[in-house]
>>> print(open('protein.csv').read())   # CSV, C-alpha atoms
chain,number,residue,atom,x,y,z
A,27,MET,CA,-17.8,7.6,-0.6
A,28,ASN,CA,-14.7,7.5,-2.9
A,29,GLU,CA,-14.7,10.1,-5.7
A,30,ILE,CA,-15.7,8.4,-9.0
A,31,ILE,CA,-15.4,10.1,-12.3
A,32,CYS,CA,-17.2,8.9,-15.4
A,33,GLY,CA,-17.0,9.4,-19.1
A,34,ARG,CA,-14.4,8.9,-21.7
A,35,ASN,CA,-12.7,12.3,-21.8
A,36,ALA,CA,-12.8,12.7,-18.0
A,37,VAL,CA,-11.1,9.3,-17.4
A,38,LEU,CA,-8.5,9.7,-20.1
A,39,GLU,CA,-7.6,13.2,-18.9
A,40,ALA,CA,-7.3,11.9,-15.3
A,41,LEU,CA,-4.9,9.2,-16.5
A,42,LYS,CA,-2.9,11.6,-18.7
A,43,SER,CA,-2.6,14.3,-16.0
A,44,GLY,CA,-0.8,12.1,-13.5
A,45,ARG,CA,-3.6,12.2,-10.9
A,46,SER,CA,-3.5,9.4,-8.4
A,47,VAL,CA,-6.1,6.8,-9.6
A,48,ASN,CA,-6.9,3.7,-7.6
A,49,ARG,CA,-8.5,1.8,-10.4
A,50,VAL,CA,-10.3,2.1,-13.8
A,51,LEU,CA,-13.5,0.1,-14.6
A,52,LEU,CA,-14.7,-0.5,-18.1
A,53,SER,CA,-18.0,-1.9,-19.3
A,54,GLU,CA,-17.7,-5.2,-21.2
A,55,SER,CA,-19.7,-3.6,-24.0
A,56,THR,CA,-17.1,-0.7,-24.5
A,57,ASP,CA,-15.8,-0.7,-28.0
A,58,PRO,CA,-12.4,-2.5,-28.4
A,59,ALA,CA,-10.5,0.5,-29.7
A,60,PHE,CA,-11.3,2.7,-26.7
A,61,ALA,CA,-10.8,-0.1,-24.3
A,62,GLY,CA,-7.4,-0.8,-25.8
A,63,ALA,CA,-6.4,2.9,-25.4
A,64,VAL,CA,-7.5,2.8,-21.7
A,65,PHE,CA,-5.7,-0.4,-20.9
A,66,LYS,CA,-2.5,1.0,-22.5
A,67,LEU,CA,-2.6,4.1,-20.4
A,68,CYS,CA,-3.3,2.2,-17.3
A,69,LYS,CA,-0.4,-0.1,-18.0
A,70,GLU,CA,1.9,2.9,-18.4
A,71,ARG,CA,0.7,4.4,-15.2
A,72,GLY,CA,0.5,1.1,-13.2
A,73,VAL,CA,-3.2,1.6,-12.6
A,74,PRO,CA,-5.4,-1.6,-12.2
A,75,CYS,CA,-8.0,-1.8,-14.9
A,76,ARG,CA,-10.8,-4.4,-15.4
A,77,LYS,CA,-13.9,-5.0,-17.4
A,78,LEU,CA,-17.3,-5.4,-15.7
A,79,PRO,CA,-20.8,-6.2,-16.9
A,80,LYS,CA,-22.7,-3.0,-17.7
A,81,GLU,CA,-25.1,-3.4,-14.8
A,82,GLN,CA,-22.3,-4.0,-12.3
A,83,LEU,CA,-20.5,-0.9,-13.5
A,84,ARG,CA,-23.8,1.0,-13.1
A,85,LYS,CA,-24.1,0.0,-9.5
A,86,ILE,CA,-20.6,1.4,-8.8
A,87,ALA,CA,-20.6,4.5,-10.9
A,88,GLY,CA,-24.3,5.4,-11.5
A,89,PRO,CA,-26.3,5.4,-14.7
A,90,ASP,CA,-24.2,8.0,-16.5
A,91,HIS,CA,-20.9,6.1,-16.6
A,92,HIS,CA,-20.7,6.1,-20.5
A,93,GLY,CA,-18.9,2.8,-20.4
A,94,VAL,CA,-15.9,3.8,-18.2
A,95,ALA,CA,-15.3,5.1,-14.7
A,96,ALA,CA,-12.2,5.8,-12.6
A,97,GLU,CA,-11.9,5.8,-8.8
A,98,LEU,CA,-9.6,8.6,-7.7
A,99,ALA,CA,-7.3,8.1,-4.7
A,100,ALA,CA,-8.4,10.0,-1.5
A,101,GLN,CA,-4.8,11.2,-1.1
A,102,GLU,CA,-2.0,11.6,-3.6
A,103,TYR,CA,0.5,8.8,-3.5
A,104,ALA,CA,4.2,9.4,-2.9
A,105,SER,CA,7.2,7.6,-4.4
A,106,LEU,CA,9.8,5.5,-2.8
A,107,GLU,CA,12.3,8.3,-3.5
A,108,ASP,CA,10.0,10.8,-1.7
A,109,ILE,CA,10.1,8.6,1.4
A,110,LEU,CA,13.9,8.1,1.3
A,111,LEU,CA,14.4,11.9,0.7
A,112,LEU,CA,12.2,12.6,3.8
A,113,ALA,CA,14.5,10.5,6.0
A,114,GLU,CA,17.5,12.3,4.5
A,115,HIS,CA,16.0,15.7,5.1
A,116,ARG,CA,15.4,14.8,8.7
A,117,GLY,CA,18.9,13.5,9.1
A,118,GLU,CA,17.6,10.1,10.2
A,119,SER,CA,18.1,6.5,9.1
A,120,PRO,CA,15.2,5.4,6.9
A,121,PHE,CA,12.3,3.7,8.6
A,122,VAL,CA,9.8,2.3,6.2
A,123,VAL,CA,6.7,0.1,6.6
A,124,VAL,CA,5.9,-2.3,3.7
A,125,LEU,CA,2.6,-4.1,3.5
A,126,ASP,CA,2.3,-7.2,1.3
A,127,GLY,CA,-1.4,-7.8,0.6
A,128,VAL,CA,-3.3,-5.9,3.4
A,129,GLU,CA,-6.9,-5.8,2.0
A,130,ASP,CA,-8.9,-4.4,5.0
A,131,PRO,CA,-9.1,-0.6,4.9
A,132,HIS,CA,-9.5,-0.4,8.7
A,133,ASN,CA,-6.2,-2.3,9.1
A,134,LEU,CA,-4.4,0.0,6.6
A,135,GLY,CA,-5.8,3.1,8.3
A,136,ALA,CA,-4.8,1.9,11.7
A,137,ILE,CA,-1.3,0.9,10.5
A,138,ILE,CA,-0.8,4.3,8.9
A,139,ARG,CA,-1.8,6.1,12.1
A,140,THR,CA,0.6,4.0,14.2
A,141,ALA,CA,3.5,4.3,11.7
A,142,LEU,CA,3.2,8.1,11.7
A,143,CYS,CA,3.1,8.2,15.6
A,144,ALA,CA,6.2,5.9,15.7
A,145,GLY,CA,8.2,8.1,13.4
A,146,ALA,CA,8.2,6.1,10.3
A,147,HIS,CA,9.1,8.0,7.1
A,148,GLY,CA,6.6,6.3,4.9
A,149,LEU,CA,4.6,3.3,4.0
A,150,VAL,CA,4.6,1.1,0.9
A,151,ILE,CA,1.5,-0.8,-0.5
A,152,GLY,CA,1.0,-2.8,-3.7
A,153,LYS,CA,-1.2,-1.9,-6.6
A,154,HIS,CA,-2.7,-5.4,-6.7
A,155,ARG,CA,-4.3,-7.6,-4.0
A,156,ALA,CA,-4.2,-4.7,-1.6
A,157,VAL,CA,-6.6,-1.9,-0.5
A,158,PRO,CA,-5.8,1.5,-1.9
A,159,LEU,CA,-6.0,4.9,-0.2
A,160,ASN,CA,-9.8,5.4,0.0
A,161,GLN,CA,-12.1,7.3,2.3
A,162,THR,CA,-12.4,4.5,4.8
A,163,VAL,CA,-8.6,4.4,5.1
A,164,MET,CA,-8.5,8.2,5.5
A,165,LYS,CA,-11.1,8.1,8.2
A,166,THR,CA,-9.6,5.2,10.2
A,167,SER,CA,-6.2,6.8,10.1
A,168,ALA,CA,-7.7,9.8,12.0
A,169,GLY,CA,-5.9,12.2,9.5
A,170,ALA,CA,-2.5,10.4,9.6
A,171,ALA,CA,-2.8,9.4,5.9
A,172,SER,CA,-2.6,13.2,5.1
A,173,HIS,CA,0.8,13.4,6.8
A,174,LEU,CA,2.5,10.0,6.2
A,175,PRO,CA,3.8,9.5,2.6
A,176,VAL,CA,2.3,6.3,1.1
A,177,ALA,CA,3.9,4.8,-2.0
A,178,ARG,CA,1.9,2.5,-4.2
A,179,VAL,CA,4.1,0.1,-6.2
A,180,THR,CA,3.5,-2.6,-8.9
A,181,ASN,CA,6.0,-5.0,-7.4
A,182,ILE,CA,6.7,-5.3,-3.7
A,183,SER,CA,9.8,-7.4,-4.2
A,184,GLN,CA,11.3,-4.8,-6.5
A,185,ALA,CA,10.5,-2.1,-3.9
A,186,LEU,CA,12.4,-4.1,-1.3
A,187,ARG,CA,15.4,-4.4,-3.6
A,188,THR,CA,15.3,-0.6,-4.1
A,189,LEU,CA,15.2,-0.1,-0.3
A,190,LYS,CA,18.2,-2.5,0.1
A,191,GLU,CA,20.1,-0.5,-2.4
A,192,ALA,CA,19.4,2.6,-0.3
A,193,GLY,CA,21.0,0.8,2.7
A,194,CYS,CA,17.9,-0.6,4.5
A,195,TRP,CA,17.8,-3.9,6.2
A,196,ILE,CA,14.6,-5.7,5.3
A,197,CYS,CA,12.8,-7.3,8.3
A,198,ALA,CA,9.8,-9.6,7.8
A,199,ALA,CA,7.2,-10.2,10.5
A,200,ASP,CA,6.5,-13.9,10.5
A,201,MET,CA,5.7,-16.6,13.1
A,202,ASP,CA,8.8,-18.7,12.2
A,203,GLY,CA,11.3,-15.9,13.0
A,204,GLN,CA,13.4,-14.9,16.0
A,205,PRO,CA,11.7,-13.1,18.9
A,206,LEU,CA,11.8,-9.4,17.8
A,207,TRP,CA,13.7,-8.2,20.8
A,208,GLU,CA,16.6,-10.5,19.8
A,209,LEU,CA,17.1,-8.6,16.6
A,210,ASP,CA,18.9,-5.4,16.0
A,211,LEU,CA,16.3,-3.1,14.5
A,212,SER,CA,18.0,0.2,15.3
A,213,GLY,CA,19.5,1.0,11.9
A,214,PRO,CA,18.0,1.8,8.4
A,215,LEU,CA,15.0,-0.5,8.3
A,216,ALA,CA,12.1,-1.6,6.2
A,217,LEU,CA,9.5,-3.6,8.2
A,218,VAL,CA,7.4,-5.9,6.1
A,219,LEU,CA,4.0,-7.3,7.2
A,220,GLY,CA,1.8,-9.7,5.3
A,221,GLY,CA,-1.9,-9.5,4.6
A,222,GLU,CA,-4.9,-10.8,6.7
A,223,GLY,CA,-5.3,-14.1,4.9
A,224,GLN,CA,-2.2,-15.5,3.3
A,225,GLY,CA,0.5,-13.5,5.2
A,226,LEU,CA,3.7,-12.8,3.3
A,227,SER,CA,4.2,-14.2,-0.1
A,228,PRO,CA,7.1,-16.6,-0.5
A,229,LEU,CA,8.9,-14.3,-3.0
A,230,VAL,CA,8.6,-11.3,-0.7
A,231,LYS,CA,9.8,-13.2,2.3
A,232,LYS,CA,12.8,-14.5,0.2
A,233,ASN,CA,13.8,-10.8,-0.2
A,234,CYS,CA,14.0,-10.2,3.5
A,235,ASP,CA,17.2,-10.2,5.5
A,236,LEU,CA,15.7,-10.8,9.0
A,237,VAL,CA,12.5,-12.4,10.3
A,238,ALA,CA,10.9,-11.2,13.5
A,239,ALA,CA,8.3,-13.1,15.4
A,240,LEU,CA,6.0,-12.2,18.3
A,241,PRO,CA,5.9,-15.2,20.7
A,242,MET,CA,2.4,-16.3,21.3
A,243,GLN,CA,0.8,-17.9,24.3
A,244,GLY,CA,-2.6,-19.6,24.6
A,245,PRO,CA,-4.9,-21.1,22.0
A,246,VAL,CA,-4.9,-18.2,19.5
A,247,SER,CA,-2.0,-18.4,17.1
A,248,SER,CA,-1.8,-15.0,15.6
A,249,LEU,CA,-2.6,-11.3,16.1
A,250,ASN,CA,-4.5,-8.9,13.8
A,251,VAL,CA,-2.0,-7.3,11.4
A,252,SER,CA,-2.6,-3.8,12.7
A,253,VAL,CA,-1.9,-5.0,16.3
A,254,SER,CA,1.3,-6.8,15.2
A,255,ALA,CA,2.4,-3.7,13.4
A,256,GLY,CA,1.9,-1.6,16.5
A,257,VAL,CA,4.0,-3.9,18.6
A,258,LEU,CA,6.8,-4.2,16.0
A,259,LEU,CA,6.9,-0.4,15.3
A,260,TYR,CA,7.3,0.4,18.9
A,261,GLU,CA,10.1,-2.1,19.4
A,262,VAL,CA,11.9,-0.2,16.6
A,263,VAL,CA,11.2,3.1,18.5
A,264,HIS,CA,12.5,1.5,21.7
A,265,GLN,CA,15.7,0.3,20.0
A,266,ARG,CA,16.3,3.6,18.2
A,267,ARG,CA,16.1,5.6,21.4
A,268,GLY,CA,18.3,3.1,23.2
>>> encode(input="protein.csv", output="structure tokens")
Amino acid sequence: MNEIICGRNAVLEALKSGRSVNRVLLSESTDPAFAGAVFKLCKERGVPCRKLPKEQLRKIAGPDHHGVAAELAAQEYASLEDILLLAEHRGESPFVVVLDGVEDPHNLGAIIRTALCAGAHGLVIGKHRAVPLNQTVMKTSAGAASHLPVARVTNISQALRTLKEAGCWICAADMDGQPLWELDLSGPLALVLGGEGQGLSPLVKKNCDLVAALPMQGPVSSLNVSVSAGVLLYEVVHQRRG
């Protein structure tokens, strides 16, 4: 179960203190002045915030929600700068995994585990249309989420531009690309994978320098995103080790 805190003061203090908050939920009957203050803080922090019918909020947060609840992250989020500094500290070229719209916590947990084992310096997820770091992710990652920095950003495309400025090549995983072993993935790299349903968004794909594909045989046209991530990550490991 994710940690839920309820009540006006508790939620406001969590937002003001800088704690990692996955989302804030408000009752539709909450007075406009308080709701406005919460939305303002959430916008400043980049925390998703939405209104729900009182009964729906009650099912999520219990009877003593007092009109507002916040779901705390199961692990503190890092920043893009933290991830790049980790690569610099290790004396290695940056190796970052970026997920565009992965919504299944089991997939996210599995990808985090593989990324850590493959030597990635960190992982980037979005704040919207994406699963956050919750208890299911932590459990599925088998503890890896406690060791791999995960940054949560408002805009994936902007994050890719920041990684480009840091010297990374941006490689998308998509079926219309070149076979991954034909690409040079040995240098500073951000590997971008799309979500389970829609894959990469057009804008995110537009910000990528390379497109890597996994050639498929047989009647099934695609792999689960966590399986694709494993194949791609270890091709990077293979190329980096020569």
>>> residues_around(input="protein.csv", residues="Arg155 in chain A", least_positions_apart="5", cutoff="9 Å", atoms="all atoms listed in the file", output="compact mmCIF listing (two decimals) with C-alpha atoms, keeping the file's coordinate frame")
# COMPACT_ATOMS: atom_id res chain seq x y z
CA ASP A 126 2.30 -7.20 1.30
CA GLY A 127 -1.40 -7.80 0.60
CA VAL A 128 -3.30 -5.90 3.40
CA GLU A 129 -6.90 -5.80 2.00
>>> residues_around(input="protein.csv", residues="range 208-214 of chain A", least_positions_apart="4", cutoff="12 Å", atoms="all atoms listed in the file", output="PyMOL selection string")
chain A and resi 110+113-114+117-123+146-147+189-199+203-204+235-241+258-268
>>> residues_near_point(input="protein.csv", point="(-1.0, 0.1, -6.1)", cutoff="8 Å", atoms="all atoms listed in the file", output="PDB file with C-alpha atoms, in the coordinates of the input")
ATOM      1  CA  ASN A  48      -6.900   3.700  -7.600  1.00  0.00           C
ATOM      2  CA  GLY A  72       0.500   1.100 -13.200  1.00  0.00           C
ATOM      3  CA  VAL A  73      -3.200   1.600 -12.600  1.00  0.00           C
ATOM      4  CA  PRO A  74      -5.400  -1.600 -12.200  1.00  0.00           C
ATOM      5  CA  ILE A 151       1.500  -0.800  -0.500  1.00  0.00           C
ATOM      6  CA  GLY A 152       1.000  -2.800  -3.700  1.00  0.00           C
ATOM      7  CA  LYS A 153      -1.200  -1.900  -6.600  1.00  0.00           C
ATOM      8  CA  HIS A 154      -2.700  -5.400  -6.700  1.00  0.00           C
ATOM      9  CA  ALA A 156      -4.200  -4.700  -1.600  1.00  0.00           C
ATOM     10  CA  PRO A 158      -5.800   1.500  -1.900  1.00  0.00           C
ATOM     11  CA  ALA A 177       3.900   4.800  -2.000  1.00  0.00           C
ATOM     12  CA  ARG A 178       1.900   2.500  -4.200  1.00  0.00           C
ATOM     13  CA  VAL A 179       4.100   0.100  -6.200  1.00  0.00           C
ATOM     14  CA  THR A 180       3.500  -2.600  -8.900  1.00  0.00           C
TER      15      THR A 180
END
>>> atom_distance(input="protein.csv", atom1="CA of Ala141 in chain A", atom2="CA of Leu112 in chain A")
14.4 Å
>>> atom_distance(input="protein.csv", atom1="CA of Ser227 in chain A", atom2="CA of Arg49 in chain A")
22.9 Å
>>> closest_residue(input="protein.csv", among="A:Leu83, A:Leu217, A:Met164, A:Leu206", to="Ala99 in chain A", atoms="only C-alpha atoms")
A:Met164
>>> residues_around(input="protein.csv", residues="Met242 in chain A", least_positions_apart="5", cutoff="12 Å", atoms="only C-alpha atoms", output="PyMOL selection string")
chain A and resi 200-202+205+247-249+254
>>> atom_distance(input="protein.csv", atom1="CA of Arg71 in chain A", atom2="CA of Gln101 in chain A")
16.6 Å
>>> closest_residue(input="protein.csv", among="A:Leu219, A:Val257, A:Trp207, A:Glu107", to="Ala185 in chain A", atoms="all atoms listed in the file")
A:Glu107
>>> residues_near_point(input="protein.csv", point="(-4.5, -11.9, 5.7)", cutoff="9 Å", atoms="all atoms listed in the file", output="tab-separated table (two decimals) with C-alpha atoms, in the coordinates of the input")
chain	number	residue	atom	x	y	z
A	127	GLY	CA	-1.40	-7.80	0.60
A	128	VAL	CA	-3.30	-5.90	3.40
A	129	GLU	CA	-6.90	-5.80	2.00
A	130	ASP	CA	-8.90	-4.40	5.00
A	220	GLY	CA	1.80	-9.70	5.30
A	221	GLY	CA	-1.90	-9.50	4.60
A	222	GLU	CA	-4.90	-10.80	6.70
A	223	GLY	CA	-5.30	-14.10	4.90
A	224	GLN	CA	-2.20	-15.50	3.30
A	225	GLY	CA	0.50	-13.50	5.20
A	226	LEU	CA	3.70	-12.80	3.30
A	250	ASN	CA	-4.50	-8.90	13.80
A	251	VAL	CA	-2.00	-7.30	11.40
